[in-house]
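Engineer: After the structure tokens below, expect a handful of questions from me.
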Amino acid sequence: MHWTRRGLLAAGAVGLMAPTLARAYQVDAALWEVRDRHAKVFLFGDGGPLRKPWRSTRIEAALAESAVFWKETPDNGPESAPLLLSHGVDPAAPLSTWLTPKDHERLEAAALATGIPSSALERFRPWLAAVFLENSFNARFGFKAANAPDESLAAIAKAAGKPIRTEFPDMAALVAYASGFSRAAEVQSLLRLVDDVEAGPDVQQRRIEAWAVGDLSLEACELQRWTRVYPDLVQEYVVARNRRWPGRIRTMLDDGGTTFVVIGDGHLVGPDSVLVELAAAGMRAHPSHAGTAA
């Protein structure tokens, strides 16, 4: 499962280049659709930063059919880095004051494992330290945000002149969200990243390879672990956001036409998934056969 902070990540570090769509992951499943009279919404689960470029003729066919494209995060602008620092640095509360001694030791080891001195994180609040730790982990082990499906699909949608909508309307809203967690959830967001670093890149790669063939079982197992170990984070990051999607999708259906929505694959698994929330709101999602041979 991938934090919406991928949008923040790029804002604080490097600009994203348009991906080259060749020798790529081919996705066979993880596409749903919701229908209502003459309207349809495609719902696709993003696998996050990938080591290889990504493409899927099947998913691209669904996007081509769609008039509007939705993703989680807005594009970055020159205001992004100042926003990160204005909300993510608190001189009165350095990072070590948020953590137990044991967790701080784990963070120091994780930071060194990704190639950054832990002292470089000390001025950050936990949520922003997590941004830089994730960025460093991905860079160290070759997972590129530019290869992520939402970036690939957004580039295609933009080139086709499709309107692009986002869950968070602008970077100010995204940063306000990331910095607005409860204290417990904010600390848990960082410790979850420490877990990922300790597990190593092979675990992430296995999850990606499963996602690439439409298997979200590893993502579901990870969410189960999160729920047990990081319950505050799950409520604020996963459950609360999942509950807001049915209202948006209801509006898309009421507006008519076809819409394509890409969200993190972790929001499509578990007892509080977007799929479950849609069903509870009377909008059942079905596996989509768009782009497949008849």
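Convention: chains lettered A, B, ... in structure tokens order; per-chain residue numbering from 1; ligands numbered from 1 as shown.
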Please, which residues of stretch 58-265 of chain A, numbered as in this document, come out helix (DSSP H, G or I) from DSSP, as a VMD selection string?
Structural biologist: chain A and resid 58 to 65 80 to 88 95 to 98 101 to 114 118 to 121 126 to 141 145 to 147 149 to 159 171 to 178 183 to 199 201 to 212 217 to 229 231 to 242 245 to 255 265
Engineer: Which residues of stretch 137-175 of chain A come within 12 Å of stretch 202-221 of chain A, and what is each one's closest atom pair and distance in Å (one decimal), counting only C-alpha atoms, sorted by chain and residue number, as a tab-separated table?
Structural biologist:
```
residue	atom	partner	partner_atom	distance
A:Phe137	CA	A:Gln204	CA	10.8
A:Asn138	CA	A:Gln204	CA	10.0
A:Phe141	CA	A:Asp202	CA	9.5
A:Gly142	CA	A:Gln205	CA	10.4
A:Phe143	CA	A:Gln205	CA	9.0
A:Ala148	CA	A:Ile208	CA	10.7
A:Pro149	CA	A:Ala212	CA	10.7
```
Engineer: Per residue of stretch 104-181 of chain A within 10 Å of stretch 231-236 of chain A, record the nearest atom pair and its distance in Å to one decimal, counting only C-alpha atoms, with rows in chain order and ascending residue number, as JSON lines.
Structural biologist:
```
{"residue": "A:Tyr177", "atom": "CA", "partner": "A:Glu236", "partner_atom": "CA", "distance": 9.8}
{"residue": "A:Gly180", "atom": "CA", "partner": "A:Glu236", "partner_atom": "CA", "distance": 9.7}
{"residue": "A:Phe181", "atom": "CA", "partner": "A:Glu236", "partner_atom": "CA", "distance": 7.0}
```
Engineer: Find, counting only C-alpha atoms, the residue in A:Pro82, A:Pro74, A:Gly88, A:Pro49 that gets nearest to A:Val131.
Structural biologist: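 Using only C-alpha atoms, the shortest distance to A:Val131 belongs to A:Gly88.
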Engineer: Run DSSP on the backbone and give me the residues of stretch 46-259 of chain A it puts in strand (DSSP E or B), as a short mmCIF file (atom, residue, chain, number, x, y, z; two decimals) with C-alpha atoms, in the first residue's frame.
Structural biologist:
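File written: selection28.cif
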```cif
data_model
loop_
_atom_site.label_atom_id
_atom_site.label_comp_id
_atom_site.auth_asym_id
_atom_site.auth_seq_id
_atom_site.Cartn_x
_atom_site.Cartn_y
_atom_site.Cartn_z
CA ASP A 46 -2.20 1.61 -8.62
CA LEU A 50 8.01 0.39 -9.97
CA TRP A 54 4.50 0.25 -16.86
CA VAL A 68 -12.53 12.29 -17.37
CA PHE A 69 -9.49 11.02 -15.46
CA TRP A 70 -9.14 10.99 -11.65
CA LYS A 71 -6.04 10.32 -9.54
CA VAL A 89 9.44 21.40 10.49
CA PHE A 124 11.36 17.04 10.59
CA LYS A 144 10.73 4.95 -9.53
CA ILE A 164 -7.86 15.59 -14.80
CA ARG A 165 -9.38 15.64 -11.31
CA THR A 166 -7.68 14.76 -8.01
CA GLY A 257 -20.54 9.51 -19.32
CA THR A 258 -17.50 7.43 -18.44
CA THR A 259 -14.87 8.30 -15.84
#
```
